[in-house]
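Structure record follows, encoded as structure tokens.
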Amino acid sequence: VSSEEEQQQQEDSDDENISTEEEDEVAEPAIIPAPVIRSSITSDGRYHNKQRLLLLSSRGVTARYRHLLEDLRTLIPHSKKESKLDVGKNYSNGSAGGGYGAAVNEIAEVRGCHTALFLECRKRGQDGYLWLGRTSHANSAYKEDDSGNISKKQLMIAGGPSVKFHITNIHTMDELKLTGNCMKGSRPVLSFDKAFDTLDHLKIVKHLMVDVFGTPRGHPKSKPFVDRVMGFYYADGKIWVRNYQIMEEAATTAKEAHAQKKLTGQTQATSLIEIGPRFVLNPIRIFRGSFGGQTLWQNDEFVNPNAIRALEKKKKGEEYVRRKGAERQRKRRKEAIVVPEDPLAHVF
């Protein structure tokens, strides 16, 4: 009987040891691998989203703006290149609007472009304004016949919306000399700040930027790779645009691979390297139509660059007036100081 009791006690102690070991194993933090992101869109290999972008500028752009447009043409494979636009303010192709807006819509209709990116320069290249908007070709509706059937002809209606930005702090790819690089024609991952989902006017800007910078799936000039990220960040009332390369580096040693896997759940380290270009967009106004129309939102904090330059010139003018006034006062003091004549000056 005593031997059976000893055997039973030994089994109980073994169970306790096993339970404590299991508790120790449970106490250790489990490594949760990164979730696998699966695409919610099943591709059938056909090109459905046939979005085209009209990319052009006004006449009188400087070299910096011209290099920026070339960089954007390289990054946006679904863009259509157009020569510099030079029209008068009285230009109107039978539409309500005139000037650059009517001309851009006419060119977009001829080229079959749904969105437009127009870079306008004023004051001999000192001020740059970037227009983003959907053209009248994008908001087309099918026209019904008398019998009620839908014909192939499309009825063009007013486009929109459109946004006008003041573009500053431009740095092109050649100027920055950054080490990042990506495949030409690759599709980007568009990363937007949290503010684009909370502010109403930024929601419209987000949709326009997705149409402009997002390469359609299956575009003939695009590559089926995603190796770069375009970031749009909202700070100080402005939109900061950056372009990064997605770099995946494999560990050189087994120890580094083990440490990397323990940290992130993957053996490869993912990092971002800036490619360029970079620029800052200050939103001025959002229009309901294409390059004009009813104003949906207006930035009250925006100050016209002409007003800033006028204040600077006024400040320089005030400094000039003060300097000249000081010169006149100094001249009067010199004239007021008269040395009395010495009567003994000519004695010897």
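Labels for the structure tokens follow display order: chains A, B, ..., residues from 1 in each chain, ligands from 1.
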
(request) Identify all residues of stretch 118-302 of chain A in strand (DSSP E or B) (DSSP on the backbone) and supply them as an MDAnalysis selection string. (result) chainID A and resid 118:122 127:134 140:144 150:156 162:171 186:192 223:235 238:250 268:274 278:289 292:298

(message) Please identify the helix (DSSP H, G or I) residues within stretch 37-262 of chain A (assignment by DSSP from backbone atoms) and present them as number ranges by chain.
(response) A: 63-75, 100-111, 173-176, 194-197, 200-213, 254-262

Could those residues be written to a file, using C-alpha atoms, as an mmCIF file, in the first residue's frame?
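Dumped to result.cif:
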data_model
loop_
_atom_site.group_PDB
_atom_site.id
_atom_site.type_symbol
_atom_site.label_atom_id
_atom_site.label_comp_id
_atom_site.auth_asym_id
_atom_site.auth_seq_id
_atom_site.Cartn_x
_atom_site.Cartn_y
_atom_site.Cartn_z
ATOM 1 C CA ALA A 63 12.789 75.797 -65.402
ATOM 2 C CA ARG A 64 11.805 74.587 -61.932
ATOM 3 C CA TYR A 65 8.129 74.184 -62.875
ATOM 4 C CA ARG A 66 9.080 72.564 -66.175
ATOM 5 C CA HIS A 67 11.205 69.931 -64.409
ATOM 6 C CA LEU A 68 8.364 69.327 -61.943
ATOM 7 C CA LEU A 69 5.980 68.574 -64.809
ATOM 8 C CA GLU A 70 8.489 66.158 -66.323
ATOM 9 C CA ASP A 71 8.776 64.337 -62.991
ATOM 10 C CA LEU A 72 4.995 64.112 -62.722
ATOM 11 C CA ARG A 73 4.743 62.733 -66.264
ATOM 12 C CA THR A 74 7.266 60.050 -65.295
ATOM 13 C CA LEU A 75 5.327 59.105 -62.165
ATOM 14 C CA TYR A 100 -7.755 78.871 -69.251
ATOM 15 C CA GLY A 101 -10.718 76.860 -67.922
ATOM 16 C CA ALA A 102 -12.596 76.755 -71.199
ATOM 17 C CA ALA A 103 -9.431 75.925 -73.145
ATOM 18 C CA VAL A 104 -8.444 73.091 -70.791
ATOM 19 C CA ASN A 105 -11.924 71.552 -70.977
ATOM 20 C CA GLU A 106 -11.876 71.730 -74.765
ATOM 21 C CA ILE A 107 -8.472 70.029 -74.978
ATOM 22 C CA ALA A 108 -9.550 67.381 -72.472
ATOM 23 C CA GLU A 109 -12.645 66.620 -74.520
ATOM 24 C CA VAL A 110 -10.575 66.222 -77.685
ATOM 25 C CA ARG A 111 -7.961 64.024 -75.977
ATOM 26 C CA MET A 173 14.243 64.646 -58.552
ATOM 27 C CA ASP A 174 17.386 66.018 -60.182
ATOM 28 C CA GLU A 175 17.730 68.766 -57.626
ATOM 29 C CA LEU A 176 17.415 66.671 -54.480
ATOM 30 C CA LYS A 194 -6.057 61.322 -40.851
ATOM 31 C CA ALA A 195 -7.298 64.837 -41.524
ATOM 32 C CA PHE A 196 -8.446 63.818 -45.031
ATOM 33 C CA ASP A 197 -11.206 61.716 -43.432
ATOM 34 C CA ASP A 200 -15.068 68.123 -45.363
ATOM 35 C CA HIS A 201 -13.055 70.088 -47.897
ATOM 36 C CA LEU A 202 -10.152 67.608 -47.657
ATOM 37 C CA LYS A 203 -12.514 64.744 -48.509
ATOM 38 C CA ILE A 204 -13.096 66.337 -51.926
ATOM 39 C CA VAL A 205 -9.362 66.933 -52.337
ATOM 40 C CA LYS A 206 -8.672 63.293 -51.466
ATOM 41 C CA HIS A 207 -11.015 61.991 -54.184
ATOM 42 C CA LEU A 208 -9.421 64.266 -56.770
ATOM 43 C CA MET A 209 -5.896 63.216 -55.800
ATOM 44 C CA VAL A 210 -6.864 59.548 -56.003
ATOM 45 C CA ASP A 211 -8.119 60.123 -59.555
ATOM 46 C CA VAL A 212 -5.021 62.104 -60.538
ATOM 47 C CA PHE A 213 -2.139 60.233 -58.869
ATOM 48 C CA ALA A 254 20.927 34.256 -39.139
ATOM 49 C CA LYS A 255 21.078 36.212 -35.880
ATOM 50 C CA GLU A 256 19.755 39.362 -37.543
ATOM 51 C CA ALA A 257 17.029 37.352 -39.289
ATOM 52 C CA HIS A 258 15.962 35.796 -35.973
ATOM 53 C CA ALA A 259 15.896 39.194 -34.241
ATOM 54 C CA GLN A 260 13.935 40.745 -37.109
ATOM 55 C CA LYS A 261 11.409 37.919 -37.124
ATOM 56 C CA LYS A 262 10.995 38.147 -33.360
#

(message) Nearest residue to A:Ile273 out of A:Thr168, A:Asn181, A:Thr253, A:Ser290, using only C-alpha atoms?
(response) A:Asn181

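Distances to A:Arg46 were evaluated for A:Lys223, A:Arg332, A:Arg187, A:Arg217 using only C-alpha atoms, and the minimum falls at A:Arg217.
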
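Interatomic distance, atom CA of A:Phe291 to atom CA of A:His171: 26.0 Å.
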
(request) Excluding A:Arg285 and residues on its chain fewer than 3 positions from it, collect all residues at most 10 Å away from it, counting only C-alpha atoms, and give them as JSON, numbers by chain. (result) {"A": [162, 163, 164, 165, 166, 201, 282, 292, 295, 296, 297, 298, 299, 300, 302]}

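Take the candidates A:Ala235, A:Ala336, A:Cys121, A:Thr172 and check each one against A:Arg278 using only C-alpha atoms; the shortest distance goes to A:Thr172.
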
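Counting only C-alpha atoms, A:Gly125 has the following residues at most 9 Å away, ignoring those fewer than 6 positions along the same chain: Gly60, Val61, Thr62 and Tyr65 of chain A.
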
(request) Between A:Leu117, A:Ile308, A:Leu132, A:Ile76, single out the one closest to A:Phe287, counting only C-alpha atoms. (result) A:Leu132

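Compared by their closest atoms to A:Cys182, and using only C-alpha atoms, the residues A:Pro340, A:Gly237, A:Gly276, A:Gly99 rank with A:Gly276 nearest.
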
(message) Show me, as a VMD selection string, the residues that have an atom within 7 Å of A:Ser79 when counting only C-alpha atoms, minus same-chain residues fewer than 5 positions from it.
(response) chain A and resid 52 to 55 73
